[in-house]
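One file, data.cif, is given below (mmCIF, C-alpha atoms).
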```cif
data_protein
loop_
_atom_site.label_atom_id
_atom_site.label_comp_id
_atom_site.auth_asym_id
_atom_site.auth_seq_id
_atom_site.Cartn_x
_atom_site.Cartn_y
_atom_site.Cartn_z
CA GLY D 1 -127.67 -37.50 -3.02
CA ALA D 2 -124.46 -39.22 -2.07
CA VAL D 3 -122.23 -40.19 -4.96
CA VAL D 4 -119.36 -42.65 -5.05
CA SER D 5 -116.99 -42.53 -7.98
CA GLN D 6 -114.99 -45.60 -8.91
CA HIS D 7 -112.13 -45.58 -11.38
CA PRO D 8 -111.24 -47.16 -13.74
CA SER D 9 -114.48 -48.70 -14.93
CA ARG D 10 -112.61 -51.23 -17.03
CA VAL D 11 -109.02 -52.37 -16.98
CA ILE D 12 -107.15 -55.05 -18.85
CA CYS D 13 -103.73 -56.07 -17.67
CA LYS D 14 -101.13 -58.73 -18.20
CA SER D 15 -100.64 -61.54 -15.73
CA GLY D 16 -98.15 -60.58 -13.04
CA THR D 17 -98.82 -56.87 -13.06
CA SER D 18 -100.56 -54.86 -10.36
CA VAL D 19 -103.71 -52.87 -10.79
CA LYS D 20 -105.06 -50.07 -8.60
CA ILE D 21 -108.74 -49.21 -8.33
CA GLU D 22 -109.87 -45.98 -6.71
CA CYS D 23 -113.06 -45.33 -4.82
CA ARG D 24 -114.01 -41.76 -3.96
CA SER D 25 -116.94 -40.34 -2.06
CA LEU D 26 -117.68 -37.12 -3.90
CA ASP D 27 -119.96 -35.18 -1.64
CA PHE D 28 -119.63 -36.78 1.76
CA GLN D 29 -117.00 -38.08 4.09
CA ALA D 30 -116.86 -41.82 4.39
CA THR D 31 -115.11 -43.14 7.45
CA THR D 32 -115.89 -46.65 6.26
CA MET D 33 -115.73 -48.05 2.77
CA PHE D 34 -116.33 -51.59 1.63
CA TRP D 35 -114.87 -53.59 -1.22
CA TYR D 36 -116.88 -56.30 -2.91
CA ARG D 37 -116.14 -58.81 -5.61
CA GLN D 38 -118.83 -60.07 -7.91
CA PHE D 39 -118.48 -63.13 -10.09
CA PRO D 40 -120.63 -63.42 -13.21
CA LYS D 41 -124.30 -63.84 -12.39
CA GLN D 42 -123.59 -64.09 -8.69
CA SER D 43 -124.07 -61.95 -5.64
CA LEU D 44 -121.60 -59.60 -4.09
CA MET D 45 -118.93 -61.06 -1.88
CA LEU D 46 -117.59 -58.74 0.77
CA MET D 47 -113.81 -58.72 0.56
CA ALA D 48 -112.84 -56.17 3.17
CA THR D 49 -113.91 -53.23 5.23
CA SER D 50 -111.75 -50.17 4.88
CA ASN D 51 -111.56 -47.69 7.73
CA GLU D 52 -109.94 -44.32 7.31
CA GLY D 53 -106.57 -44.14 8.99
CA SER D 54 -106.41 -47.78 10.02
CA LYS D 55 -105.76 -51.17 8.55
CA ALA D 56 -108.51 -52.80 6.55
CA THR D 57 -110.41 -55.74 7.95
CA TYR D 58 -110.44 -58.64 5.54
CA GLU D 59 -113.07 -61.32 5.28
CA GLN D 60 -112.10 -64.91 5.76
CA GLY D 61 -110.44 -66.37 2.71
CA VAL D 62 -109.39 -63.04 1.21
CA GLU D 63 -105.64 -62.65 0.89
CA LYS D 64 -104.62 -59.32 2.35
CA ASP D 65 -101.24 -59.40 0.62
CA LYS D 66 -102.98 -59.99 -2.67
CA PHE D 67 -105.61 -57.32 -2.29
CA LEU D 68 -104.02 -54.26 -0.72
CA ILE D 69 -106.45 -51.71 0.60
CA ASN D 70 -105.56 -48.19 1.59
CA HIS D 71 -107.95 -45.66 3.05
CA ALA D 72 -105.76 -42.63 3.46
CA SER D 73 -108.45 -39.98 3.58
CA LEU D 74 -112.12 -39.61 4.38
CA THR D 75 -112.98 -39.55 0.69
CA LEU D 76 -110.62 -42.05 -0.90
CA SER D 77 -110.00 -45.76 -0.62
CA THR D 78 -107.90 -47.77 -3.03
CA LEU D 79 -107.76 -51.46 -3.83
CA THR D 80 -104.58 -52.77 -5.41
CA VAL D 81 -104.63 -56.23 -6.92
CA THR D 82 -101.01 -57.29 -6.75
CA SER D 83 -99.40 -59.73 -9.17
CA ALA D 84 -102.72 -60.25 -10.86
CA HIS D 85 -103.58 -63.60 -12.43
CA PRO D 86 -106.47 -64.60 -14.69
CA GLU D 87 -108.42 -65.96 -11.74
CA ASP D 88 -108.48 -62.43 -10.31
CA SER D 89 -110.56 -61.31 -13.26
CA SER D 90 -113.82 -60.09 -11.83
CA PHE D 91 -116.10 -57.15 -11.21
CA TYR D 92 -114.96 -55.18 -8.18
CA ILE D 93 -117.38 -52.79 -6.51
CA CYS D 94 -116.76 -50.35 -3.71
CA SER D 95 -119.28 -48.78 -1.43
CA ALA D 96 -119.22 -46.11 1.21
CA ARG D 97 -121.30 -45.72 4.29
CA GLU D 98 -122.86 -42.34 4.72
CA ALA D 99 -122.30 -40.88 8.13
CA ALA D 100 -126.01 -40.40 8.68
CA GLY D 101 -128.69 -42.91 7.90
CA ALA D 102 -129.31 -46.51 8.74
CA ASN D 103 -126.40 -48.40 7.31
CA VAL D 104 -127.19 -47.14 3.85
CA LEU D 105 -124.41 -47.83 1.43
CA THR D 106 -123.76 -45.89 -1.73
CA PHE D 107 -122.09 -47.98 -4.38
CA GLY D 108 -119.60 -47.11 -7.03
CA ALA D 109 -120.27 -48.15 -10.61
CA GLY D 110 -117.79 -51.00 -10.37
CA SER D 111 -114.52 -51.87 -12.08
CA ARG D 112 -114.26 -54.73 -14.53
CA LEU D 113 -110.80 -56.30 -14.26
CA THR D 114 -109.61 -58.65 -16.97
CA VAL D 115 -106.25 -60.31 -16.50
CA LEU D 116 -104.77 -61.84 -19.61
CA ALA E 1 -125.64 -64.00 12.26
CA GLN E 2 -127.79 -62.99 9.35
CA SER E 3 -128.67 -64.36 5.96
CA VAL E 4 -130.91 -63.60 3.02
CA THR E 5 -132.74 -65.97 0.73
CA GLN E 6 -134.13 -64.79 -2.57
CA LEU E 7 -136.49 -67.29 -4.11
CA GLY E 8 -135.97 -67.63 -7.83
CA SER E 9 -132.80 -66.65 -9.61
CA HIS E 10 -134.92 -65.49 -12.55
CA VAL E 11 -138.40 -64.01 -12.70
CA SER E 12 -140.10 -63.32 -16.01
CA VAL E 13 -143.07 -61.02 -16.42
CA SER E 14 -144.82 -59.30 -19.27
CA GLU E 15 -144.78 -55.55 -19.58
CA GLY E 16 -147.63 -54.16 -17.51
CA ALA E 17 -147.85 -57.20 -15.25
CA LEU E 18 -147.32 -57.31 -11.51
CA VAL E 19 -143.75 -57.74 -10.34
CA LEU E 20 -143.13 -59.81 -7.22
CA LEU E 21 -139.60 -60.59 -6.06
CA ARG E 22 -139.36 -62.64 -2.91
CA CYS E 23 -136.94 -62.15 -0.06
CA ASN E 24 -136.76 -63.92 3.28
CA TYR E 25 -134.21 -63.11 5.90
CA SER E 26 -132.73 -64.55 9.02
CA SER E 27 -131.32 -62.31 11.69
CA SER E 28 -130.55 -62.71 15.37
CA VAL E 29 -131.31 -59.03 15.94
CA PRO E 30 -133.98 -56.69 14.60
CA PRO E 31 -132.83 -56.02 11.08
CA TYR E 32 -132.60 -53.22 8.63
CA LEU E 33 -133.69 -54.43 5.20
CA PHE E 34 -132.81 -53.16 1.76
CA TRP E 35 -133.48 -53.73 -1.90
CA TYR E 36 -130.86 -52.75 -4.44
CA VAL E 37 -131.01 -52.87 -8.23
CA GLN E 38 -128.07 -53.52 -10.54
CA TYR E 39 -128.07 -52.81 -14.24
CA PRO E 40 -125.49 -54.60 -16.44
CA ASN E 41 -121.91 -53.64 -15.70
CA GLN E 42 -122.95 -51.09 -13.12
CA GLY E 43 -122.87 -50.73 -9.38
CA LEU E 44 -125.87 -51.11 -7.11
CA GLN E 45 -128.54 -48.50 -6.64
CA LEU E 46 -130.71 -48.35 -3.54
CA LEU E 47 -134.39 -48.91 -4.33
CA LEU E 48 -135.77 -48.72 -0.83
CA LYS E 49 -135.02 -49.55 2.79
CA TYR E 50 -136.85 -50.50 5.94
CA THR E 51 -135.52 -49.29 9.25
CA THR E 52 -138.35 -48.61 11.66
CA GLY E 53 -141.93 -47.41 11.56
CA ALA E 54 -144.29 -48.14 8.72
CA THR E 55 -143.82 -51.66 7.44
CA LEU E 56 -144.84 -50.79 3.89
CA VAL E 57 -141.96 -48.95 2.33
CA LYS E 58 -142.13 -47.07 -0.95
CA GLY E 59 -139.07 -46.66 -3.09
CA ILE E 60 -138.00 -45.27 -6.39
CA ASN E 61 -139.36 -46.24 -9.79
CA GLY E 62 -142.73 -47.31 -8.35
CA PHE E 63 -141.37 -50.18 -6.26
CA GLU E 64 -142.48 -50.95 -2.75
CA ALA E 65 -141.80 -53.63 -0.18
CA GLU E 66 -143.50 -54.78 2.97
CA PHE E 67 -141.70 -55.91 6.09
CA LYS E 68 -143.51 -58.85 7.66
CA LYS E 69 -141.84 -59.83 10.88
CA SER E 70 -143.98 -62.91 11.44
CA GLU E 71 -142.98 -64.24 8.03
CA THR E 72 -139.42 -62.86 8.13
CA SER E 73 -140.06 -61.54 4.66
CA PHE E 74 -139.43 -58.36 2.72
CA HIS E 75 -140.87 -58.99 -0.73
CA LEU E 76 -140.51 -56.39 -3.45
CA THR E 77 -143.46 -55.48 -5.65
CA LYS E 78 -144.41 -53.17 -8.46
CA PRO E 79 -147.96 -53.02 -9.84
CA SER E 80 -146.98 -52.70 -13.49
CA ALA E 81 -143.67 -53.77 -14.97
CA HIS E 82 -141.85 -51.63 -17.47
CA MET E 83 -139.20 -52.75 -19.90
CA SER E 84 -136.69 -50.54 -18.12
CA ASP E 85 -137.19 -52.57 -14.92
CA ALA E 86 -135.24 -55.47 -16.40
CA ALA E 87 -132.21 -55.80 -14.13
CA GLU E 88 -130.76 -57.79 -11.24
CA TYR E 89 -132.32 -57.17 -7.85
CA PHE E 90 -130.61 -57.83 -4.54
CA CYS E 91 -132.21 -58.03 -1.14
CA ALA E 92 -129.93 -57.25 1.79
CA VAL E 93 -130.03 -57.27 5.56
CA SER E 94 -127.95 -55.57 8.20
CA GLY E 95 -127.99 -55.08 11.92
CA ARG E 96 -128.93 -51.79 13.44
CA THR E 97 -125.63 -50.70 14.81
CA GLY E 98 -123.56 -48.24 12.88
CA TYR E 99 -120.92 -50.82 12.15
CA SER E 100 -123.07 -53.70 10.96
CA THR E 101 -122.15 -55.21 7.65
CA LEU E 102 -124.59 -55.72 4.84
CA THR E 103 -125.40 -59.28 3.81
CA PHE E 104 -126.77 -59.74 0.30
CA GLY E 105 -128.99 -62.37 -1.18
CA LYS E 106 -127.91 -64.10 -4.36
CA GLY E 107 -130.00 -61.83 -6.52
CA THR E 108 -132.99 -62.23 -8.80
CA MET E 109 -132.83 -61.35 -12.45
CA LEU E 110 -136.04 -59.71 -13.59
CA LEU E 111 -136.85 -60.26 -17.24
CA VAL E 112 -139.59 -58.15 -18.83
CA SER E 113 -141.08 -59.16 -22.15
CA PRO E 114 -143.13 -56.90 -24.40
#
```

Take the structure in this file and express it as structure tokens.
Amino acid sequence: GAVVSQHPSRVICKSGTSVKIECRSLDFQATTMFWYRQFPKQSLMLMATSNEGSKATYEQGVEKDKFLINHASLTLSTLTVTSAHPEDSSFYICSAREAAGANVLTFGAGSRLTVL
Amino acid sequence: AQSVTQLGSHVSVSEGALVLLRCNYSSSVPPYLFWYVQYPNQGLQLLLKYTTGATLVKGINGFEAEFKKSETSFHLTKPSAHMSDAAEYFCAVSGRTGYSTLTFGKGTMLLVSP
């Protein structure tokens, strides 16, 4: 089946630094990838939709200059949290839409970001 | 517009008992419906989905769900709970076009006691 790899699984950084999270579709091409943020014991909040070769579409309230998304190829999307602050600490999950199938998303394992 | 309501943030069952996780949806168009499971510190795994056809959908790990249009429901069931079923379960809805986004419910934590 489709597999999405997300890296790193955990990252700890100092306040003010930038962190990059990678999301790769391993055995399929994903023209569309999604980035979610999940707060403890809460549901997933869609942050942005990443389309290969074009600018990402951000959800209302998500700062595009804060959360930079790049989808340079059909198998890779990256999320960069710029000038991270403790309130950015969260669980970030990416997903990719398989080309075939009814809007089925395959999710990465998530990345736990802790900003000190 | 679409939304998902999952009744009960926590459901507790004994091992071997019936599992019932409730999901109601609202959608202005005929929906696709999904159940995902999330284990601690992991991503989401698709349990099952309803697109068209048979309204009773069977998924992995012995789970199944029934789409009831008249009740706008898509409840998840399993006849006999196993300890390994303890996890967070998310119901989700999307439209039927290829570019519809997925809207998640708030999740239900399933607790299984021996």

Got a sec: who's within 7 Å of segment 43-56 of chain E, counting all atoms listed in the file, leaving out chain neighbours fewer than 5 positions off, as a list in words?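 Here the answer would be Ile93, Ala102, Phe107, Gly108, Ala109 and Gly110 of chain D; Tyr32, Leu33, Phe34, Trp35, Tyr36, Val37, Gln38, Ala65, Glu66 and Phe67 of chain E.
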
Provide as a PyMOL selection string the residues of chain D at most 12 Å from chain E, counting only C-alpha atoms. chain D and resi 1-6+9-10+31-51+57+59+90-113

What does the PyMOL selection byres ((chain E and resi 77) around 9) select in this file, as a list in words?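 Applying the PyMOL selection byres ((chain E and resi 77) around 9) to the structure shown produces Leu18, Val19, Leu20, Leu21, Arg22, Gly62, Phe63, Glu64, Ala65, Glu66, His75, Leu76, Lys78 and Pro79 of chain E.
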
Name the residues captured by the PyMOL selection byres ((chain D and resi 12-21) around 10) when it is applied to the shown file; answer as a VMD selection string. chain D and resid 6 to 11 22 to 23 66 to 69 77 to 89 92 to 94 110 to 116

Any idea what the distance is between atom CA of Ser25 of chain D and atom CA of Val4 of chain E?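 Answer for the atom CA of Ser25 of chain D to atom CA of Val4 of chain E separation: 27.6 Å.
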
Adding 5 Å on each side of the box along x, y and z that holds all listed atoms of segment 55-71 of chain E, could you give its centre and edge lengths in Å to one decimal, as AutoDock Vina command-line options?
```
--center_x -141.4 --center_y -54.8 --center_z 0.8 --size_x 16.8 --size_y 29.0 --size_z 31.2
```

So how far away is atom CA of Val57 of chain E from atom CA of Lys69 of chain E, in Å?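 One can read the atom CA of Lys69 of chain E to atom CA of Val57 of chain E distance as 13.8 Å.
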
Pick from E:Cys23, E:Ala17, E:Leu7, E:Ala1 nearest to Lys68 of chain E, counting all atoms listed in the file: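 Among E:Cys23, E:Ala17, E:Leu7, E:Ala1, it is E:Cys23 that comes nearest to Lys68 of chain E.
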
Convert the output of the PyMOL selection byres ((chain D and resi 73) around 10) on the shown file into explicit residues, formatted as a compact mmCIF listing (two decimals) with C-alpha atoms, in the coordinates of the input.
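Below is the file out12.txt, written as the result:
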```txt
# COMPACT_ATOMS: atom_id res chain seq x y z
CA ARG D 24 -114.01 -41.76 -3.96
CA GLN D 29 -117.00 -38.08 4.09
CA ALA D 30 -116.86 -41.82 4.39
CA THR D 31 -115.11 -43.14 7.45
CA ASN D 51 -111.56 -47.69 7.73
CA GLU D 52 -109.94 -44.32 7.31
CA GLY D 53 -106.57 -44.14 8.99
CA ASN D 70 -105.56 -48.19 1.59
CA HIS D 71 -107.95 -45.66 3.05
CA ALA D 72 -105.76 -42.63 3.46
CA LEU D 74 -112.12 -39.61 4.38
CA THR D 75 -112.98 -39.55 0.69
CA LEU D 76 -110.62 -42.05 -0.90
CA SER D 77 -110.00 -45.76 -0.62
```

Provide the atom CA of Val11 of chain E to atom CA of Thr72 of chain E distance in Å, to one decimal place.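 Taking atom CA of Val11 of chain E and atom CA of Thr72 of chain E, their separation equals 20.9 Å.
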
Let me make sure I understand: among E:Thr5, E:Ala87, E:Leu110, E:Gly59, which one has the smallest atom-to-atom distance to Ser27 of chain E if we use only C-alpha atoms?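 Comparing E:Thr5, E:Ala87, E:Leu110, E:Gly59 against Ser27 of chain E, the winner is E:Thr5.
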